[in-house]
Amino acid sequence: MNNNLRLFTRGIIKENPTFVLLLGMCPTLGTTTSAVTGMGMGLATLFVLTLSNMVISLVKRQIPDKVRIPAYIVIIASFVTVVQLCMEAYVPSLYKALGVFLPLIVVNCIILGRAEAFASKNGVGASALDGLGIGVGFTLSLTLLGLVREVLGAGSAFGVQIFPGGGILIFVLAPGAFFALGYLLALFNKFTAKIR
Amino acid sequence: MIFSLLAITFVSAAAVGVVYRVTSGPIAAAKAENSQTSLRQVLPPFDNRPAENVRTVVVDGAEAKVYTATSGDTVCGYAVETLSRKGFGGEVVLMVGFKPDGEIVDIEVLGHKETQGLGDKIERGKSDFSVQFRGKNPATFHLSVRKDGGDVDAITASTISSRAYADAVNRAYLALKQVSNE
């Protein structure tokens, strides 16, 4: 149990994909203009990552080494398409907000990275936990980054206005993504240095 | 090797196919709902289905769809869906509702890629920009920004987006005139 818990929390703190591994930077910078879109992106990735980890772990013995990467990509792409279709059908507003970043989950290096580094070597249960942990870590990081940028840049949190009159515009624009990410990275490393 | 890859692609394709069949209904419904909602927002109350009464005209190199709304037997308004390519980030797609005499009822942004926090203030609810068009008749209200000698108050620091918006509204008005003259 303790081991499982460690597997799960590892993705949130010790191997946090955004703040420690620095993986998946493109969606991280691109979709975190508000807390809600950041969270939506995180949850979509969480879903794809957990399921692809499980499926890849299930079929790892059937996949010859030479074609493993195309096989992984096909599996991941299928899950992404499923997420995309479901989102378009049931949450069209989020589908519109995520735009091109949703299909780009296919090439998110976190997912292929976990498939290659973990799921292809471990059992289904452990792979699911690993996917969940990393996915939750990614979701939390993106929500936090989105929240910081939204509060500073637009003066609102989760779409609710807290400061009238907006904020420092640059934080919702591309340079602000780098500023916010850099400071959050520094803070994260300061506070987790002891735990790690 | 080939067999296992074939098996994986086959199963994946089948799974995606199933999801596509399940979601295609809701996706079509969501899209129809979306256009019906935006029609309701820009038009006076109507009781027909304007989405089934569409005329497409080309104004100045871009398409415009003119929806006719009726209440009872009389035409109560027109909604024009059109775009401008002068946006900062690409096309700005609008739905503009007119009364039969050409007065603007309301305008809804259907799609744009303008800068977040600046140009996206053209969206209703993000700023009062779109409010200034309500109740104006383009016959007397000159549809270009003040900087260009028109009557439209541009969004601060987003003149290009404001221009594109005014351009699309103008195209909608021209499309309306073209249809009503026929």
# chains A, B, ... in the order shown; residues from 1 in each chain; ligands from 1
>>> interface_residues(of="chain A", to="chain B", cutoff="7 Å", atoms="only C-alpha atoms", output="PyMOL selection string")
chain A and resi 62-64+71+74-75+78+81-82+85-86+88-89+169+172-173
>>> write_last_selection(atoms="N, CA and C atoms", output="PDB file, in the first residue's frame")
ATOM      1  N   GLN A  62       3.034  -8.310 -26.461  1.00  0.00           N
ATOM      2  CA  GLN A  62       2.659  -8.599 -27.854  1.00  0.00           C
ATOM      3  C   GLN A  62       3.333  -7.651 -28.856  1.00  0.00           C
ATOM      4  N   ILE A  63       3.881  -6.555 -28.346  1.00  0.00           N
ATOM      5  CA  ILE A  63       4.455  -5.582 -29.283  1.00  0.00           C
ATOM      6  C   ILE A  63       5.940  -5.865 -29.476  1.00  0.00           C
ATOM      7  N   PRO A  64       6.349  -6.158 -30.696  1.00  0.00           N
ATOM      8  CA  PRO A  64       7.789  -6.350 -30.933  1.00  0.00           C
ATOM      9  C   PRO A  64       8.532  -5.040 -30.701  1.00  0.00           C
ATOM     10  N   ALA A  71       3.390   1.679 -32.424  1.00  0.00           N
ATOM     11  CA  ALA A  71       2.254   1.053 -31.741  1.00  0.00           C
ATOM     12  C   ALA A  71       1.755   1.947 -30.609  1.00  0.00           C
ATOM     13  N   VAL A  74      -0.162   4.932 -31.996  1.00  0.00           N
ATOM     14  CA  VAL A  74      -1.514   4.585 -32.455  1.00  0.00           C
ATOM     15  C   VAL A  74      -2.464   4.504 -31.272  1.00  0.00           C
ATOM     16  N   ILE A  75      -2.012   3.835 -30.199  1.00  0.00           N
ATOM     17  CA  ILE A  75      -2.870   3.689 -29.012  1.00  0.00           C
ATOM     18  C   ILE A  75      -3.178   5.065 -28.412  1.00  0.00           C
ATOM     19  N   SER A  78      -5.527   7.124 -30.551  1.00  0.00           N
ATOM     20  CA  SER A  78      -6.922   6.689 -30.471  1.00  0.00           C
ATOM     21  C   SER A  78      -7.603   7.277 -29.247  1.00  0.00           C
ATOM     22  N   THR A  81      -8.316  10.934 -29.765  1.00  0.00           N
ATOM     23  CA  THR A  81      -9.480  11.150 -30.631  1.00  0.00           C
ATOM     24  C   THR A  81     -10.775  10.925 -29.863  1.00  0.00           C
ATOM     25  N   VAL A  82     -10.762   9.891 -29.009  1.00  0.00           N
ATOM     26  CA  VAL A  82     -11.950   9.618 -28.193  1.00  0.00           C
ATOM     27  C   VAL A  82     -12.267  10.824 -27.298  1.00  0.00           C
ATOM     28  N   LEU A  85     -13.611  13.749 -29.417  1.00  0.00           N
ATOM     29  CA  LEU A  85     -14.998  13.592 -29.858  1.00  0.00           C
ATOM     30  C   LEU A  85     -15.961  13.795 -28.690  1.00  0.00           C
ATOM     31  N   CYS A  86     -15.615  13.216 -27.528  1.00  0.00           N
ATOM     32  CA  CYS A  86     -16.500  13.332 -26.369  1.00  0.00           C
ATOM     33  C   CYS A  86     -16.606  14.797 -25.938  1.00  0.00           C
ATOM     34  N   GLU A  88     -16.134  17.487 -27.786  1.00  0.00           N
ATOM     35  CA  GLU A  88     -16.899  18.258 -28.760  1.00  0.00           C
ATOM     36  C   GLU A  88     -18.398  18.026 -28.577  1.00  0.00           C
ATOM     37  N   ALA A  89     -18.751  16.799 -28.180  1.00  0.00           N
ATOM     38  CA  ALA A  89     -20.169  16.465 -28.036  1.00  0.00           C
ATOM     39  C   ALA A  89     -20.751  17.009 -26.743  1.00  0.00           C
ATOM     40  N   LEU A 169      -1.858  42.880 -18.173  1.00  0.00           N
ATOM     41  CA  LEU A 169      -2.212  42.132 -19.371  1.00  0.00           C
ATOM     42  C   LEU A 169      -1.176  41.115 -19.809  1.00  0.00           C
ATOM     43  N   VAL A 172      -1.494  37.224 -19.407  1.00  0.00           N
ATOM     44  CA  VAL A 172      -2.291  36.312 -20.230  1.00  0.00           C
ATOM     45  C   VAL A 172      -1.653  36.099 -21.590  1.00  0.00           C
ATOM     46  N   LEU A 173      -0.706  36.924 -21.939  1.00  0.00           N
ATOM     47  CA  LEU A 173      -0.040  36.760 -23.225  1.00  0.00           C
ATOM     48  C   LEU A 173       1.132  35.780 -23.079  1.00  0.00           C
TER      49      LEU A 173
END
>>> select_by_dssp(residues="region 57-86 of chain B", states="strand (DSSP E)", output="VMD selection string")
chain B and resid 57 to 59 62 to 71 74 to 84
>>> residues_around(residues="Thr9 (chain A)", least_positions_apart="3", cutoff="12 Å", atoms="only C-alpha atoms", output="PDB file with C-alpha atoms, in the first residue's frame")
ATOM      1  CA  ASN A   2       2.754   2.337   1.008  1.00  0.00           C
ATOM      2  CA  ASN A   3       4.480   1.524  -2.237  1.00  0.00           C
ATOM      3  CA  ASN A   4       1.331   2.254  -4.260  1.00  0.00           C
ATOM      4  CA  LEU A   5       0.875   5.553  -2.489  1.00  0.00           C
ATOM      5  CA  ARG A   6       4.455   6.434  -3.287  1.00  0.00           C
ATOM      6  CA  ILE A  12       2.653  15.062  -7.998  1.00  0.00           C
ATOM      7  CA  ILE A  13       5.805  16.164  -6.172  1.00  0.00           C
ATOM      8  CA  LYS A  14       9.003  14.228  -6.736  1.00  0.00           C
ATOM      9  CA  GLU A  15       8.532  13.779 -10.479  1.00  0.00           C
ATOM     10  CA  ASN A  16       6.031  16.520 -11.160  1.00  0.00           C
ATOM     11  CA  PRO A  17       5.931  16.669 -14.975  1.00  0.00           C
ATOM     12  CA  LEU A 129      -1.261   4.484 -10.678  1.00  0.00           C
ATOM     13  CA  ASP A 130       1.731   6.028 -12.400  1.00  0.00           C
ATOM     14  CA  GLY A 131      -0.529   7.531 -15.087  1.00  0.00           C
ATOM     15  CA  LEU A 132      -2.943   8.847 -12.463  1.00  0.00           C
ATOM     16  CA  GLY A 133      -0.126  10.336 -10.388  1.00  0.00           C
ATOM     17  CA  ILE A 134       1.612  12.059 -13.266  1.00  0.00           C
ATOM     18  CA  GLY A 135      -1.761  13.138 -14.686  1.00  0.00           C
ATOM     19  CA  VAL A 136      -2.896  14.629 -11.372  1.00  0.00           C
ATOM     20  CA  GLY A 137       0.474  16.339 -11.024  1.00  0.00           C
ATOM     21  CA  PHE A 138       0.112  17.795 -14.515  1.00  0.00           C
ATOM     22  CA  ILE A 195      10.994  16.486   0.687  1.00  0.00           C
ATOM     23  CA  ARG A 196      13.000  15.375  -2.273  1.00  0.00           C
TER      24      ARG A 196
END
>>> select_by_dssp(residues="region 60-180 of chain A", states="alpha helix (DSSP H)", output="PyMOL selection string")
chain A and resi 68-90+92-98+109-114+124-154+174-180
>>> residues_around(residues="Lys99 (chain B)", least_positions_apart="5", cutoff="7 Å", atoms="only C-alpha atoms", output="list in words")
Cys76, Gly77, Tyr78, Ile104 and Val105 of chain B
>>> residues_around(residues="region 68-75 of chain B", least_positions_apart="3", cutoff="6 Å", atoms="only C-alpha atoms", output="list in words")
Phe46, Asp47, Asn48, Pro50, Asn53 and Tyr78 of chain B
>>> closest_residue(among="B:Leu94, B:Leu43, B:Gly87, B:Gln132", to="Lys65 (chain B)", atoms="only C-alpha atoms")
B:Leu94
>>> closest_residue(among="A:Leu145, A:Met54, A:Met41, A:Leu46", to="Ala128 (chain A)", atoms="only C-alpha atoms")
A:Met54
>>> atom_distance(atom1="CA of Gly24 (chain A)", atom2="CA of Ser156 (chain A)")
25.6 Å
>>> closest_residue(among="B:Pro44, B:Gly61, B:Gly90, B:Gly97", to="Ala172 (chain B)", atoms="only C-alpha atoms")
B:Gly97
>>> closest_residue(among="B:Glu114, B:Asp153, B:Asp148, B:Asp101", to="Asp128 (chain B)", atoms="only C-alpha atoms")
B:Asp153
>>> residues_around(residues="Phe158 (chain A)", least_positions_apart="2", cutoff="10 Å", atoms="only C-alpha atoms", output="PyMOL selection string")
chain A and resi 34-37+39+143+146-147+150-151+156+160-162
